[in-house]
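Written out below as structure tokens is the structure these notes cover.
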Amino acid sequence: FNSAFVPLFAKEVEKGGLDGARAFAEQVLAVLSAVLLLFSGLAILFMDGLVATVVAPLFADTPDKFAMTVDMTRIMFPYLFCMSLVAMFSGILNSLRRYFLAAIVPVLLNVILVSIVAVALWLGADPARTGYWMAWGVFASGFAQLALLAMGVAREGLRLGIVRPALTPQVRRLLVLMGPAILTGGVVQINIMVGRIIASAQDGAIALLNYADRINQLPLGVIGIAIGVVLLPELARALAAGDDRDAQHLQNRSLEFALGLTLPAAVGFMVMPEPLVNLLYERGAFTAETTRLTAQALAAFAAGLPAYVLIKVFQPAYFAREDMKTPLWFSVVAVAVNIAFSLAFFAALGHVAIALATAISAWVNFVLLAFTLWRRNDFRPSPVTLRRVAMIVLSAAAMGAVVAAMQWALPQWFASPALAARLVATAGTVLMAMIVYFGLVILTGGLDRQDLMRAVRRRRKPPAKPQA
């Protein structure tokens with residue numbers, strides 16, 4: 001949704017200030033709410049079929065598991081209604097260069113779920129009851145996030161009123177752009193969904209992939225999503241003002257920062273996945289064998305981590321130009337690659353094939369996006385950017401060698417039954433890796449601290465004021 005909404009809203013702010021933007025937002029809110037209510041109602045009504053065909057088809061072989069999945073999905077489904085409206089309000093705030101609230105409200109989901117688990121453990125609740133409590137926690141967190149963002153938008157001078165849904169020219173334009181943007185922006189979710197369907201044939205595979213993906217999502221969420229959120233409205237404004245030079249500058253700096261902060265994380269996940277998984281998860285029913293299998297999936301996911309973050313850099317270049325169809329076709333190709341690889345190698349590699357297919361499809365998507373922008377002359381990496389990328393790659397490789405050497409030199413620490421010893425070994429290795437990487441990348445000029453500070457300062461310009 002935001003892939004289509006943010007460029008249009010940013011242009012309204014650029015052209016007419018907050019008054020014109022408010023009218024557009026009210027029209028979109030009315031239509032979006034009506035569509036979401038209809039969609040959510042139908043999904044909840046026909047949830048049995050949805051679970052049987054999309055969510056977890058093979059769960060139908062276990063009636064109790066299937067029934068519980070249907071119940072919990074029904075409870076949680078309104079969360080998607082809330083998240084769609086949250087996306088809109090977040091897009092409004094991001095277009096006004098107000099990023100903090102939109103970035104922090106998703107933490108509510110984590111806080112609520114962790115609190116529920118803590119209470120359930122304290123009360124000794126059984127797993128099924130705890131699961132239902134968590135489902136209701138997801139439901140509640142959605143409405144809490146929506147309420148906070150609505151108040152945040154109102155504080156910026158945009159008190160959105162209730163208007164009758166109408167397909168105005170602006171709303172029709174948004175809907176035209178949203179069609180392909182839904183698939184384009186959701187290729188990660190589509191790949192995950194496909195992977196889960198295939199992985200459901202292996203007992204425990206979905207859980208292994210989820211454990212690994214939670215770790216892999218940390219740099220993707222912190223770096224990739226943040227870059228995409230800031231870059232899209234800024235590119236839209238630069239292009240609306242006819243400033244192609246600024247657009248090129250934004251993309252070059254975003255490419256450098258994305259690789260500079262993501263590549264070392266990917267290398268770390270690939271070189272030392274098992275110590276990380278061991279430290280985070282291995283206790284209780286999470287055995288050493290589960291650690292080994294989860295680490296395999298994490299290493300495979302991490303191979304695609306830079307590509308997923310780079311997709312967040314290059315997709316906004318299309319969205320800001322209101323070109324949704326080109327990324328759509330690239331997403332279709334990526335999903336096809338994901339399905340083909342998963343099916344071809346699942347029998348041999350098991351759950352690792354799902355993670356590896358996700359990584360490969362991400363690189364295919366990135367290459368198509370970058371090459372097409374280059375061919376259209378919409379993006380040219382500057383000589384400075386090319387040099388910095390080379391230094392980033394070399395620094396990350398050196399860091400990876402140091403991490404591997406420390407694991408080789410301290411095997412008894414990493415394999416110690418004492419948690420304190422494993423914590424010291426893992427934390428010490430991570431600290432040494434950070435010192436080596438950031439020391440090298442700054443000394444070689446791979447990352448420029450002054451550029452980073454200038455980028456942060458320029459994003460703090462005040463938003464457009466309402467016109468008299």
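Within each chain, counting starts at residue 1; across the structure tokens, chains are named A, B, ... in the order shown, with ligands numbered 1 upward in that order.
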Check your understanding: Quick one: DSSP alpha helix (DSSP H) residues in region 150-284 of chain A, as JSON, numbers by chain?
Key -> {"A": [150, 151, 152, 153, 154, 155, 169, 170, 171, 172, 173, 174, 175, 176, 177, 178, 179, 180, 181, 182, 183, 184, 185, 187, 188, 189, 190, 191, 192, 193, 194, 195, 196, 197, 198, 199, 205, 206, 207, 208, 209, 210, 211, 212, 213, 214, 215, 216, 217, 218, 219, 225, 226, 227, 228, 229, 230, 231, 232, 233, 234, 235, 236, 237, 238, 239, 240, 244, 245, 246, 247, 248, 249, 250, 251, 252, 253, 254, 255, 256, 257, 258, 259, 260, 261, 262, 263, 264, 265, 266, 267, 268, 269, 270, 271, 273, 274, 275, 276, 277, 278, 279, 280, 281]}
Could you build a table of the residues in region 311-388 of chain A lying no more than 9 Å from region 285-301 of chain A, giving for each the nearest pair of atoms and their separation in Å rounded to one decimal place, using only C-alpha atoms, ordered by chain and ascending residue number, as a tab-separated table?
```
residue	atom	partner	partner_atom	distance
A:His351	CA	A:Ala297	CA	7.0
A:Val352	CA	A:Ala297	CA	5.1
A:Ala353	CA	A:Ala300	CA	8.2
A:Ile354	CA	A:Ala297	CA	8.3
A:Ala355	CA	A:Phe301	CA	5.0
A:Leu356	CA	A:Ala300	CA	4.9
A:Ala357	CA	A:Ala300	CA	8.5
A:Thr358	CA	A:Phe301	CA	7.0
A:Ala359	CA	A:Phe301	CA	5.7
```
Exercise for review: Skip Thr372 (chain A) itself and residues of its chain fewer than 6 positions away, then list as a list in words all residues within 12 Å of it, counting only C-alpha atoms.
Suggested key: Phe314, Gln315, Ala317, Tyr318, Thr326, Pro327, Trp329, Phe330, Asn365, Phe366, Asp378, Phe379 and Arg380 of chain A
Selected residues written out, C-alpha atoms, as a PDB file, in the first residue's frame:
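This went into part_10.pdb:
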```pdb
ATOM      1  CA  PHE A 314      16.172   0.171  -5.616  1.00  0.00           C
ATOM      2  CA  GLN A 315      12.421  -0.472  -5.486  1.00  0.00           C
ATOM      3  CA  ALA A 317      13.314   4.398  -7.484  1.00  0.00           C
ATOM      4  CA  TYR A 318      10.473   2.760  -9.417  1.00  0.00           C
ATOM      5  CA  THR A 326       8.269  -3.272 -13.788  1.00  0.00           C
ATOM      6  CA  PRO A 327       8.999  -4.347 -10.190  1.00  0.00           C
ATOM      7  CA  TRP A 329       7.255  -8.601 -13.196  1.00  0.00           C
ATOM      8  CA  PHE A 330      10.577  -8.901 -11.423  1.00  0.00           C
ATOM      9  CA  ASN A 365      15.096  -9.685  -7.940  1.00  0.00           C
ATOM     10  CA  PHE A 366      17.885  -7.263  -7.020  1.00  0.00           C
ATOM     11  CA  ASP A 378      17.767   6.324 -13.865  1.00  0.00           C
ATOM     12  CA  PHE A 379      20.682   5.221 -11.705  1.00  0.00           C
ATOM     13  CA  ARG A 380      24.416   5.331 -12.213  1.00  0.00           C
TER      14      ARG A 380
END
```
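Comparing A:Pro316, A:Gly49, A:Gly157, A:Pro264 by their smallest distance to Ala302 (chain A), the closest is A:Pro264 (using only C-alpha atoms).
Using only C-alpha atoms, the shortest contact distance between Ala433 (chain A) and any of A:Tyr132, A:Phe319, A:Phe269, A:Phe59 is found at A:Phe269.
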Practice item. Mind checking which residues fall within 12 Å of Asp246 (chain A), counting only C-alpha atoms, ignoring those fewer than 5 positions away in the same chain, and posting them as a ChimeraX atom specification? Key: /A:231,234-241,251-253,378-379,455
Revision key, fill the gap. Min atom-atom distance to Ile104 (chain A) from the set A:Met88, A:Ala181, A:Trp374, A:Gly221, counting only C-alpha atoms, belongs to A:Gly221
Exercise for review: Could you give me, as a VMD selection string, the residues within 12 Å of Ala226 (chain A), counting only C-alpha atoms and dropping anything in the same chain fewer than 6 positions from it?
Suggested key: chain A and resid 94 99 to 100 102 to 104 218 to 220 232 254 257 to 258 261 309 to 310 312 to 313
Mind writing the picked residues with N, CA and C atoms as a PDB file, in the first residue's frame?
```pdb
ATOM      1  N   ASN A  94       5.855   9.573   7.671  1.00  0.00           N
ATOM      2  CA  ASN A  94       7.139   9.512   6.968  1.00  0.00           C
ATOM      3  C   ASN A  94       7.244  10.592   5.905  1.00  0.00           C
ATOM      4  N   TYR A  99       9.652  10.188  11.643  1.00  0.00           N
ATOM      5  CA  TYR A  99       9.900   8.751  11.514  1.00  0.00           C
ATOM      6  C   TYR A  99       9.799   7.974  12.826  1.00  0.00           C
ATOM      7  N   PHE A 100       9.996   8.636  13.945  1.00  0.00           N
ATOM      8  CA  PHE A 100      10.164   7.896  15.198  1.00  0.00           C
ATOM      9  C   PHE A 100       8.918   7.108  15.589  1.00  0.00           C
ATOM     10  N   ALA A 102       6.270   6.068  13.909  1.00  0.00           N
ATOM     11  CA  ALA A 102       5.958   4.957  13.007  1.00  0.00           C
ATOM     12  C   ALA A 102       6.941   3.806  13.184  1.00  0.00           C
ATOM     13  N   ALA A 103       8.176   4.124  13.550  1.00  0.00           N
ATOM     14  CA  ALA A 103       9.180   3.072  13.729  1.00  0.00           C
ATOM     15  C   ALA A 103       9.026   2.347  15.054  1.00  0.00           C
ATOM     16  N   ILE A 104       8.518   3.036  16.081  1.00  0.00           N
ATOM     17  CA  ILE A 104       8.503   2.455  17.423  1.00  0.00           C
ATOM     18  C   ILE A 104       7.214   1.705  17.744  1.00  0.00           C
ATOM     19  N   LEU A 218      16.473  -9.205  11.945  1.00  0.00           N
ATOM     20  CA  LEU A 218      16.944  -8.065  12.742  1.00  0.00           C
ATOM     21  C   LEU A 218      17.646  -7.015  11.889  1.00  0.00           C
ATOM     22  N   PRO A 219      18.714  -7.366  11.155  1.00  0.00           N
ATOM     23  CA  PRO A 219      19.325  -6.332  10.301  1.00  0.00           C
ATOM     24  C   PRO A 219      18.424  -5.895   9.159  1.00  0.00           C
ATOM     25  N   LEU A 220      17.604  -6.813   8.634  1.00  0.00           N
ATOM     26  CA  LEU A 220      16.696  -6.424   7.554  1.00  0.00           C
ATOM     27  C   LEU A 220      15.695  -5.401   8.049  1.00  0.00           C
ATOM     28  N   LEU A 232      11.874   6.478   0.052  1.00  0.00           N
ATOM     29  CA  LEU A 232      10.739   6.623  -0.857  1.00  0.00           C
ATOM     30  C   LEU A 232      10.169   8.040  -0.876  1.00  0.00           C
ATOM     31  N   SER A 254      22.364   5.736  -0.242  1.00  0.00           N
ATOM     32  CA  SER A 254      21.582   4.640   0.334  1.00  0.00           C
ATOM     33  C   SER A 254      22.221   3.296   0.031  1.00  0.00           C
ATOM     34  N   PHE A 257      25.247   2.925   2.421  1.00  0.00           N
ATOM     35  CA  PHE A 257      24.862   2.653   3.803  1.00  0.00           C
ATOM     36  C   PHE A 257      24.241   1.267   3.939  1.00  0.00           C
ATOM     37  N   ALA A 258      23.434   0.870   2.953  1.00  0.00           N
ATOM     38  CA  ALA A 258      22.785  -0.442   3.010  1.00  0.00           C
ATOM     39  C   ALA A 258      23.817  -1.561   3.041  1.00  0.00           C
ATOM     40  N   LEU A 261      26.202  -1.512   6.271  1.00  0.00           N
ATOM     41  CA  LEU A 261      25.654  -1.975   7.544  1.00  0.00           C
ATOM     42  C   LEU A 261      25.101  -3.395   7.480  1.00  0.00           C
ATOM     43  N   VAL A 309      18.046  -6.151   1.408  1.00  0.00           N
ATOM     44  CA  VAL A 309      18.210  -4.752   1.790  1.00  0.00           C
ATOM     45  C   VAL A 309      18.418  -3.884   0.553  1.00  0.00           C
ATOM     46  N   LEU A 310      19.162  -4.376  -0.424  1.00  0.00           N
ATOM     47  CA  LEU A 310      19.366  -3.612  -1.660  1.00  0.00           C
ATOM     48  C   LEU A 310      18.070  -3.468  -2.450  1.00  0.00           C
ATOM     49  N   LYS A 312      15.300  -2.918  -1.062  1.00  0.00           N
ATOM     50  CA  LYS A 312      14.676  -1.771  -0.403  1.00  0.00           C
ATOM     51  C   LYS A 312      15.282  -0.452  -0.873  1.00  0.00           C
ATOM     52  N   VAL A 313      16.482  -0.501  -1.425  1.00  0.00           N
ATOM     53  CA  VAL A 313      17.117   0.700  -1.968  1.00  0.00           C
ATOM     54  C   VAL A 313      16.623   0.990  -3.376  1.00  0.00           C
TER      55      VAL A 313
END
```
